[in-house]
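J.: Supplied in structure tokens, the structure appears directly below.
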Amino acid sequence: MSAENDRHAMKMAKKKVARDKIMATKTDKKGLIIVHTGKGKGKSSAAFGMIFRCIAHDMQCAVVQFIKGGMSSGERELIEGKFTDICQFYAMGEGFTWETQDKSRDIEMAAAAWEKAKELIRNPENKMVLLDEINIALRYDYISLKDVVDFLTTEKPEMTHVVLTGRNAKDDLIEIADLVTEMELVKHPFRAGIKAQVGVEF
């Protein structure tokens with residue numbers, strides 16, 4: 001067993017040297033444009049995980065919900081109940097588009113959400129701004145993709161992180177992003193007749 005432990009220790013020591021060498025070349029910092037997309041579950045959940053990290057590190061942050069604003073959620077209740085001093089939360093949607101069934105109203109609400117998002121991003125005190133489900137608003141042309149891309153590339157403060165979630169992220173948005181994660185759907189309980197549940201989906 002001792003020989004096996006020795007081999008393992010030597011292998012890990014070599015790996016650490018190689019890893020430290022790589023890490024020594026990573027010295028830059030910048031505010032990232034982060035996109036969570038794909039058909040799989042967890043896009044908003046992962047984004048809120050980053051928001052809660054910011055809160056834990058006393059970093060000012062903000063959330064704008066483009067679609068889900070009409071629904072209650074655990075993350076909204078927690079932030080509005082305990083962390084309003086460090087995280088602004090704007091639930092500006094009225095539900096999914098198939099529920100509202102009013103395109104002009106959806107466009108109006110998305111435009112208002114985008115104006116609020118720009119205001120929050122422009123404020124350098126906000127170290128991270130989450131634009132939850134903005135990709136859905138972009139998919140249905142409720143807001144201009146060109147406006148979003150132009151704003152993020154020309155007006156976003158250098159050290160501000162912006163996270164954009166939702167299925168079907170546009171290619172132009174992916175192109176300017178620093179980090180893109182596509183959630184892949186392998187299996188989902190909805191297909192087995194199980195509805196969205198508290199603590200899992202909201």
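Numbering starts fresh at 1 for the residues of each chain in the structure tokens, the chains themselves are lettered A, B, ... in the order given, and ligands are numbered from 1 as they appear.
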I'd like to know which residues of region 80-183 of chain A are helix (DSSP H, G or I) (by DSSP, run on the backbone); could you write them as a VMD selection string?

T.: chain A and resid 80 to 82 97 to 100 103 to 122 134 to 139 145 to 154 171 to 176

J.: Restrict the selected residues to C-alpha atoms and save them as a PDB file, in the first residue's frame.

T.:
```pdb
ATOM      1  CA  GLU A  80     -36.161  40.351  -1.430  1.00  0.00           C
ATOM      2  CA  GLY A  81     -36.544  39.068   2.130  1.00  0.00           C
ATOM      3  CA  LYS A  82     -32.926  39.221   3.276  1.00  0.00           C
ATOM      4  CA  THR A  97     -45.419  34.288 -23.729  1.00  0.00           C
ATOM      5  CA  TRP A  98     -47.904  31.473 -24.226  1.00  0.00           C
ATOM      6  CA  GLU A  99     -49.581  32.508 -20.959  1.00  0.00           C
ATOM      7  CA  THR A 100     -49.788  36.266 -21.550  1.00  0.00           C
ATOM      8  CA  LYS A 103     -47.502  40.406 -27.910  1.00  0.00           C
ATOM      9  CA  SER A 104     -47.677  44.189 -27.627  1.00  0.00           C
ATOM     10  CA  ARG A 105     -47.750  43.938 -23.830  1.00  0.00           C
ATOM     11  CA  ASP A 106     -44.858  41.455 -23.869  1.00  0.00           C
ATOM     12  CA  ILE A 107     -42.818  43.838 -26.039  1.00  0.00           C
ATOM     13  CA  GLU A 108     -43.613  46.747 -23.729  1.00  0.00           C
ATOM     14  CA  MET A 109     -42.574  44.793 -20.636  1.00  0.00           C
ATOM     15  CA  ALA A 110     -39.377  43.477 -22.276  1.00  0.00           C
ATOM     16  CA  ALA A 111     -38.422  47.001 -23.367  1.00  0.00           C
ATOM     17  CA  ALA A 112     -38.912  48.280 -19.813  1.00  0.00           C
ATOM     18  CA  ALA A 113     -36.841  45.384 -18.445  1.00  0.00           C
ATOM     19  CA  TRP A 114     -34.031  46.146 -20.909  1.00  0.00           C
ATOM     20  CA  GLU A 115     -34.008  49.825 -19.892  1.00  0.00           C
ATOM     21  CA  LYS A 116     -33.726  48.791 -16.230  1.00  0.00           C
ATOM     22  CA  ALA A 117     -30.982  46.302 -17.134  1.00  0.00           C
ATOM     23  CA  LYS A 118     -28.945  49.008 -18.888  1.00  0.00           C
ATOM     24  CA  GLU A 119     -29.307  51.300 -15.887  1.00  0.00           C
ATOM     25  CA  LEU A 120     -28.058  48.572 -13.532  1.00  0.00           C
ATOM     26  CA  ILE A 121     -25.169  47.538 -15.784  1.00  0.00           C
ATOM     27  CA  ARG A 122     -24.016  51.131 -16.237  1.00  0.00           C
ATOM     28  CA  ILE A 134     -33.449  37.588 -21.756  1.00  0.00           C
ATOM     29  CA  ASN A 135     -32.741  35.029 -24.491  1.00  0.00           C
ATOM     30  CA  ILE A 136     -36.473  34.339 -24.748  1.00  0.00           C
ATOM     31  CA  ALA A 137     -37.169  38.049 -25.226  1.00  0.00           C
ATOM     32  CA  LEU A 138     -34.480  38.116 -27.916  1.00  0.00           C
ATOM     33  CA  ARG A 139     -35.809  34.982 -29.595  1.00  0.00           C
ATOM     34  CA  LEU A 145     -30.398  41.832 -30.528  1.00  0.00           C
ATOM     35  CA  LYS A 146     -28.237  44.534 -32.105  1.00  0.00           C
ATOM     36  CA  ASP A 147     -29.008  46.911 -29.231  1.00  0.00           C
ATOM     37  CA  VAL A 148     -28.075  44.279 -26.637  1.00  0.00           C
ATOM     38  CA  VAL A 149     -24.829  43.311 -28.391  1.00  0.00           C
ATOM     39  CA  ASP A 150     -23.838  46.941 -29.024  1.00  0.00           C
ATOM     40  CA  PHE A 151     -24.550  47.930 -25.433  1.00  0.00           C
ATOM     41  CA  LEU A 152     -22.611  45.033 -23.918  1.00  0.00           C
ATOM     42  CA  THR A 153     -19.601  45.643 -26.156  1.00  0.00           C
ATOM     43  CA  THR A 154     -19.470  49.434 -25.813  1.00  0.00           C
ATOM     44  CA  ASP A 171     -25.246  33.504 -32.434  1.00  0.00           C
ATOM     45  CA  ASP A 172     -24.252  37.183 -32.212  1.00  0.00           C
ATOM     46  CA  LEU A 173     -24.604  37.053 -28.423  1.00  0.00           C
ATOM     47  CA  ILE A 174     -22.578  33.844 -28.199  1.00  0.00           C
ATOM     48  CA  GLU A 175     -19.902  35.474 -30.361  1.00  0.00           C
ATOM     49  CA  ILE A 176     -19.281  38.348 -27.914  1.00  0.00           C
TER      50      ILE A 176
END
```

J.: Write down as a ChimeraX atom specification the residues belonging to region 11-183 of chain A that are assigned strand (DSSP E) by DSSP computed on the backbone.

T.: /A:33-37,61-65,87-91,128-132,161-165,179-182

J.: Keeping only C-alpha atoms, write the selected residues as a compact mmCIF listing (two decimals), in the first residue's frame.

T.:
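Now in again33.txt:
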```txt
# COMPACT_ATOMS: atom_id res chain seq x y z
CA ILE A 33 -20.26 38.28 -20.49
CA ILE A 34 -21.69 34.90 -19.50
CA VAL A 35 -24.40 33.02 -21.40
CA HIS A 36 -26.35 30.04 -20.07
CA THR A 37 -28.43 28.44 -22.80
CA CYS A 61 -25.30 42.79 -7.68
CA ALA A 62 -28.69 42.90 -9.39
CA VAL A 63 -31.26 40.72 -11.12
CA VAL A 64 -33.72 41.58 -13.89
CA GLN A 65 -36.26 38.89 -14.80
CA CYS A 87 -28.86 42.79 -4.44
CA GLN A 88 -31.56 44.67 -6.32
CA PHE A 89 -34.25 42.42 -7.77
CA TYR A 90 -36.60 43.46 -10.57
CA ALA A 91 -39.22 40.93 -11.66
CA MET A 128 -22.73 41.33 -11.49
CA VAL A 129 -26.08 41.77 -13.24
CA LEU A 130 -28.22 38.76 -14.10
CA LEU A 131 -30.59 39.13 -17.06
CA ASP A 132 -32.78 36.11 -16.46
CA HIS A 161 -20.06 40.65 -15.05
CA VAL A 162 -23.31 40.22 -17.01
CA VAL A 163 -25.09 36.87 -17.06
CA LEU A 164 -27.74 36.16 -19.72
CA THR A 165 -29.96 33.09 -19.49
CA LEU A 179 -18.19 32.13 -21.24
CA VAL A 180 -21.00 30.10 -22.82
CA THR A 181 -22.54 27.01 -21.27
CA GLU A 182 -25.14 24.95 -23.08
```

J.: Find the residue from A:Lys187, A:Lys127, A:Met71, A:Lys41 that sits nearest to Lys156 (chain A); use only C-alpha atoms when measuring.

T.: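 Of the candidates, the smallest distance to Lys156 (chain A) is held by A:Lys127.
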
J.: Using only C-alpha atoms, pick whichever of A:Ala192, A:Leu185, A:Ala177, A:Val198 has the shortest atom-to-atom distance to Gly31 (chain A).

T.: A:Ala177

J.: Smallest atom-to-atom distance to Ile86 (chain A): which of A:Lys30, A:Lys68, A:Lys15, A:Arg53, using only C-alpha atoms?

T.: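 That would be A:Arg53, the residue with the smallest distance to Ile86 (chain A).
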
J.: So, counting only C-alpha atoms, which residue among A:Phe202, A:Met10, A:Ser73, A:Met59 is closest to Asp85 (chain A)?

T.: A:Met59
